[in-house]
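Report on the following structure.
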Amino acid sequence: MKKANAKSFIIISALIFSSCTTILFTSFLKKEDISNIKNYEKNEYILKADEGEGDYSVKKGTKVKLHMITGDDFIKVYCYPSNMNFVKTKRTLINYLFEDDFEKSKFNIAVFEKKLFEKVDPAGR
């Protein structure tokens with residue numbers, strides 16, 4: 001009975017460990033990539049087209065700031081008017097990128113920028 005329990009424990013532990021390592025090592029975003037992405041939040045941009053709906057809409061030509069949310073397999077880019085307080089404003093999703101949007105599911109800053117600058121231009125250009 002103890003041998004059966006020990007075998008079961010070892011098998012279950014191995015399965016849990018292998019699934020955890022798979023999750024840890026399949027993220028297409030590295031810490032340095034996330035840091036680089038977050039740097040885009042420091043600047044102001046001009047929105048190229050109307051985005052969102054209703055209370056969550058932002059008009060073309062509005063000066064905006066960006067807010068990035070990253071996960072293991074996605075990047076969400078939100079914008080909000082730069083004259084509004086980040087905590088109080090409603091943010092509008094302008095880009096939702098997955099690892100499939102990148103060649104070989106590997107993050108590439110040039111691809112990220114291309115998709116970002118389809119939606120916004122840096123302010124002061």
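Letters A, B, ... mark the chains of the structure tokens in the order given; residue numbers begin at 1 per chain; ligand numbers begin at 1, in order shown.
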Notebook entry, point to check: Near range 42-58 of chain A, within 12 Å and counting only C-alpha atoms, which residues show up once chain neighbours fewer than 2 positions away are dropped, as a PyMOL selection string?
Noted result: chain A and resi 35-40+60-68+78-84+89-95+116-125
If you run DSSP on the backbone here, which positions in range 27-125 of chain A get alpha helix (DSSP H)? Please write them as a PDB file with N, CA and C atoms, in the first residue's frame.
ATOM      1  N   LYS A  31      11.330  39.378 -19.357  1.00  0.00           N
ATOM      2  CA  LYS A  31      11.269  40.536 -18.457  1.00  0.00           C
ATOM      3  C   LYS A  31      11.766  41.802 -19.147  1.00  0.00           C
ATOM      4  N   GLU A  32      12.825  41.690 -19.937  1.00  0.00           N
ATOM      5  CA  GLU A  32      13.354  42.876 -20.625  1.00  0.00           C
ATOM      6  C   GLU A  32      12.374  43.379 -21.678  1.00  0.00           C
ATOM      7  N   ASP A  33      11.619  42.468 -22.319  1.00  0.00           N
ATOM      8  CA  ASP A  33      10.605  42.884 -23.291  1.00  0.00           C
ATOM      9  C   ASP A  33       9.506  43.677 -22.591  1.00  0.00           C
ATOM     10  N   ILE A  34       9.068  43.185 -21.441  1.00  0.00           N
ATOM     11  CA  ILE A  34       8.011  43.864 -20.686  1.00  0.00           C
ATOM     12  C   ILE A  34       8.487  45.249 -20.267  1.00  0.00           C
ATOM     13  N   SER A  35       9.722  45.340 -19.831  1.00  0.00           N
ATOM     14  CA  SER A  35      10.287  46.632 -19.449  1.00  0.00           C
ATOM     15  C   SER A  35      10.307  47.589 -20.639  1.00  0.00           C
ATOM     16  N   ASN A  36      10.712  47.095 -21.801  1.00  0.00           N
ATOM     17  CA  ASN A  36      10.728  47.924 -23.012  1.00  0.00           C
ATOM     18  C   ASN A  36       9.325  48.368 -23.397  1.00  0.00           C
ATOM     19  N   ILE A  37       8.360  47.469 -23.297  1.00  0.00           N
ATOM     20  CA  ILE A  37       6.968  47.799 -23.623  1.00  0.00           C
ATOM     21  C   ILE A  37       6.446  48.874 -22.674  1.00  0.00           C
ATOM     22  N   LYS A  38       6.740  48.735 -21.394  1.00  0.00           N
ATOM     23  CA  LYS A  38       6.262  49.698 -20.393  1.00  0.00           C
ATOM     24  C   LYS A  38       6.839  51.094 -20.627  1.00  0.00           C
ATOM     25  N   ILE A 109      10.201  43.672 -31.138  1.00  0.00           N
ATOM     26  CA  ILE A 109       9.840  45.064 -30.874  1.00  0.00           C
ATOM     27  C   ILE A 109       9.436  45.797 -32.150  1.00  0.00           C
ATOM     28  N   ALA A 110      10.029  45.457 -33.284  1.00  0.00           N
ATOM     29  CA  ALA A 110       9.683  46.116 -34.551  1.00  0.00           C
ATOM     30  C   ALA A 110       8.240  45.801 -34.944  1.00  0.00           C
ATOM     31  N   VAL A 111       7.814  44.578 -34.757  1.00  0.00           N
ATOM     32  CA  VAL A 111       6.422  44.194 -35.057  1.00  0.00           C
ATOM     33  C   VAL A 111       5.477  44.909 -34.097  1.00  0.00           C
ATOM     34  N   PHE A 112       5.858  44.950 -32.818  1.00  0.00           N
ATOM     35  CA  PHE A 112       5.047  45.652 -31.820  1.00  0.00           C
ATOM     36  C   PHE A 112       4.877  47.120 -32.206  1.00  0.00           C
ATOM     37  N   GLU A 113       5.983  47.778 -32.544  1.00  0.00           N
ATOM     38  CA  GLU A 113       5.921  49.195 -32.918  1.00  0.00           C
ATOM     39  C   GLU A 113       5.093  49.421 -34.174  1.00  0.00           C
ATOM     40  N   LYS A 114       5.233  48.540 -35.153  1.00  0.00           N
ATOM     41  CA  LYS A 114       4.453  48.672 -36.386  1.00  0.00           C
ATOM     42  C   LYS A 114       2.957  48.667 -36.069  1.00  0.00           C
ATOM     43  N   LYS A 115       2.535  47.726 -35.234  1.00  0.00           N
ATOM     44  CA  LYS A 115       1.113  47.630 -34.871  1.00  0.00           C
ATOM     45  C   LYS A 115       0.685  48.805 -33.991  1.00  0.00           C
ATOM     46  N   LEU A 116       1.565  49.254 -33.108  1.00  0.00           N
ATOM     47  CA  LEU A 116       1.248  50.394 -32.255  1.00  0.00           C
ATOM     48  C   LEU A 116       1.094  51.664 -33.085  1.00  0.00           C
TER      49      LEU A 116
END
Checklist line | Distance of CA of Leu29 in chain A from CA of Asn108 in chain A, expressed in Å to one decimal place | finding: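 CA of Asn108 in chain A sits 9.4 Å away from CA of Leu29 in chain A.
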Notebook entry, point to check: Which value, in Å to one decimal, gives the distance between CA of Asp72 in chain A and CA of Lys88 in chain A?
Noted result: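 Those two atoms sit 27.6 Å apart.
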